[in-house]
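Only one structure is covered here, and it is reproduced in the block below.
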Amino acid sequence: MEKITGYIDHIIFRNEDNGYTVFQLNNEEGELTCVGKFSYIGEGEFLELEGEYTMHPSYGMQLQVTNHRIKEPEDRESIERYLGSGAVKGIGPALAGKIVAKFGEDTFRIMEEEPERLAEIKGISERKAREICVQVEEKKDLRQAMIYLQKYGISIHLAVKIYQKYGLGTYSVLEENPYKLADDIEGVGFRTADEIASRIGIHTDSDFRIQSGIFYTLLQSVQEGHVYLEENVLSERAAQLLEVELKDIEKYLMDLAMSKKVVLKQDREKVRVYPAQYYYMEMNTARMLKELNINYDEPDDLIRRRIDKLEEETESTLDEQQKRAVAEAVKHGIFILTGGPGTGKTTTINAMIRYFLSEGMDIRLAAPTGRAAKRMTETTGYEAQTIHRLLEVSGSPEESSKGGFGRNQDNPLETDVVIIDEMSMVDLTLMHALLSSVVPGTRVIFVGDRNQLPSVGPGKVLQDLIESHAFPVMMLTRIFRQAQESDIVVNAHRINAGEEVRLDNKSRDFFFLKRQDADVIISVILTLIQKKLPRYVKAKMTDIQVLAPMKKGLLGVERLNRILQQYLNPPSVKKQEKEYGERLFRVGDKVMQTKNNYQLEWEIATKYGLVVDKGVGVFNGDIGIVTAIHTYDETVEVEFDEKRKVKYPFKMLDELELAYAITIHKSQGSEYPAVVIPLLAGPRQLYCRNLLYTAVTRAKKCVTLVGNETVFREMIQNVDEQKRNTSLAERIQEIL
Ligand SMILES: Nc1ncnc2c1ncn2[C@@H]1O[C@H](COP(=O)(O)OP(=O)(O)OP(=O)(O)O)[C@@H](O)[C@H]1O
């Protein structure tokens with residue numbers, strides 16, 4: 001065992017999650033690379049280390065640290081080094097030299113006991129003296145807090161967040177009510193808080209624990225899409241989670257209601273429990289819809305004449321339903337247009353746009369995802385954006401969920417008409433934000449297919465809007481795309497109506513390959529992607545999209561991606577790779593951005609590197625190809641549509657996933673030339689009609705299902721997809 005003392009010259013690498021750090025140590029004998037786990041560490045710090053020397057094949061001799069102690073710098077030299085290392089803002093090496101020249105080994109004592117004396121040095125005002133001392137003190141406190149939090153097994157990453165939130169209050173929060181962490185700190189849920197609490201020795205029947213557990217259970221149900229839970233369901237789930245008696249739960253529910261964290265609402269003989277924020281969100285959404293739903297006094301015959309004129313100008317004809325849709329949209333503040341694929345929604349939107357433009361009105365178009373917005377731009381020829389962009393999202397999407405939009409009640413959108421497409425994907429939170437930024441007098445038109453999967457977030461807004469029967473709705477039913485032209489459309493409508501679909505493979509764009517074994521299915525998928533489909537639909541191999549119902553399992557997205565990557569983009573000495581957690585990225589991989597990121601910069605450059613366009617924003621569901629991996633600046637370069645190139649720093653790779661296969665849920669709002677769907681038995685709750693319907697309607701030119709025919713038929717009949725508890729329709733009816 002070696003014992004070494006020295007100061008950190010610079011940190012070469014640090015993983016903030018587990019504390020793994022590589023740094024350069026300076027001591028009397030020169031420089032030395034050290035490797036180990038450190039809860040808190042900073043450049044300039046003075047350390048006493050214990051460990052063993054090891055020989056690394058590429059980096060040479062290293063000290064593998066087993067034990068360490070951070071020492072207060074004692075001698076003049078190490079004090080000067082610490083202060084000048086950049087550890088204290090506002091002090092560089094020159095100033096550090098002056099301070100130590102004046103106070104010598106007494107420097108730290110002076111800082112603690114007589115901080116004002118720092119101002120005796122030229123270049124340090126009294127204010128700066130105080131600031132420096134506060135910083136040095138804070139560093140000491142932070143270090144101590146980190147050591148304390150580590151004792152309870154809290155990761156460094158989390159410990160930093162906890163300390164930033166509570167400062168010196170950290171100790172009392174942890175000892176009195178660690179469940180507060182679940183309320184205050186993003187990334188801490190009840191389970192983490194509960195684990196910390198049990199290590200601290202807090203009783204399982206503590207009031208804080210039970211309240212926090214009930215609220216956590218309720219929020220879990222929001223993640224499943226619910227806006228409330230019935231009391232008995234909530235109590236049972238919470239009792240199970242907390243391992244306490246059912247009867248104990250009731251009292252705490254009342255406490256939660258008193259502290260306004262939940263709202264209890266009687267519904268006939270049952271009681272519903274809402275997280276307060278969602279209760280009010282539904283109520284306000286209903287109120288705003290009502291306020292917006294103004295009737296405009298435009299005579300029918302005048303509207304009809306204008307539509308006829310537009311038809312003449314554009315040499316197109318609308319059918320009766322489409323004309324009525326345009327007229328209703330003109331006459332009302334709120335209008336809903338719904339219908340399956342190929343029923344003419346886009347054509348109707350186009351007619352509306354032309355109508356309003358010819359009246360000199362200003363129009364804004366938006367959709368919930370980047371891809372859907374892009375498609376809307378292409379099909380209407382009129383610029384569409386994501387709803388987040390329309391509302392001028394500020395900062396990260398996390399902040400936006402807390403209402404961080406530039407457009408809101410105080411700064412509403414200035415436009416006459418807003419048209420939202422792919423409305424089935426809009427959740428309650430986004431709907432609320434959207435309506436908050438629109439003032440009465442603006443027409444809002446919602447367009448979507450009510451039979452698609454509901455939004456990922458809570459609520460089923462489009463369905464509730466329709467079921468409230470409070471607003472004009474036009475349901476387009478005529479299928480315009482000819483039957484002989486597209487079996488995708490015909491079969492999608494059949495699936496939706498619960499009718500049999502013929503699987504004789506006589507179609508030109510709808511195929512079912514019967515296979516019963518997962519690995520056989522994967523090998524069929526490979527043949528389809530590598531050989532058959534690109535030629536058949538005249539697309540690139542990367543445009544063929546595999547859509548799987550699940551993430552896990554033999555045919556889950558995770559396993560499919562590992563295998564497809566191996567075959568479609570095998571390793572080679574020419575292709576750089578980067579491992580990130582469980583993921584492996586390789587040059588040539590097909591990848592997907594998994595959240596909306598409004599800050600991420602992209603560039604379009606010519607072959608010679610000349611930048612011709614640049615901008616910001618990469619969205620959830622955007623698919624691209626890894627074009628380079630640079631170890632020198634630790635980035636992965638991805639090329640998205642239109643040659644937009646984005647550099648991901650390694651630490652942002654959690655926003656990327658392999659995308660050879662993606663879940664059907666993730667594919668909502670996107671379209672692909674050809675879609676391949678593996679299908680073997682799965683959980684009934686998931687394997688339902690609208691999942692199949694959504695998957696099939698993603699394809700433009702060809703759908704190929706590979707798997708078990710019975711599963712396919714059962715999915716068509718299975719309409720008991722998980723029911724979502726929402727009450728927007730009721731709230732709307734109440735205030736009519
Ligand atoms: N009134 C009409 N007369 C003739 N053809 C029409 C009419 N309305 C729409 N179509 C045609 O039907 C096809 C489907 O229409 P459209 O794209 O508007 O439907 P959609 O509901 O938006 O479909 P999807 O949801 O699949 O994109 C298009 O080729 C369109 O030109």
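Going by the structure tokens order, chains are called A, B, ..., each with residues numbered from 1, while ligands are numbered from 1 in the order shown.
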
Enumerate as a ChimeraX atom specification the residues within 10 Å of ligand 1, counting only C-alpha atoms and all ligand atoms. /A:316-323,337-351,375-376,379-380,421-422,447-449,476-482,488-489,669,671,697-700

To test your reading of the structure, identify every residue in range 484-665 of chain A that backbone DSSP assigns to strand (DSSP E or B), and report it as a ChimeraX atom specification. /A:510-514,544-548,577-580,583-586,590-593,597-605,611-618,623-630,635-640,644-649,656-658,661-663

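The closest residue to Cys688 in chain A, picked from A:Val557, A:Pro549, A:Ile623, A:Glu298 and counting only C-alpha atoms, is A:Pro549.
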
Where in range 257-327 of chain A does DSSP assign alpha helix (DSSP H), given as a ChimeraX atom specification? /A:257-258,276-292,300-314,320-327

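Closest approach to Lys374 in chain A among A:Phe619, A:Tyr567, A:Tyr580, A:Phe190: A:Phe619, based on only C-alpha atoms.
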
Identify, on the basis of only C-alpha atoms, every residue whose closest approach to Ala729 in chain A does not exceed 9 Å; exclude the query and any residue fewer than 4 positions from it along the same chain; express the result as a PyMOL selection string. chain A and resi 286+461+463-470+733-734
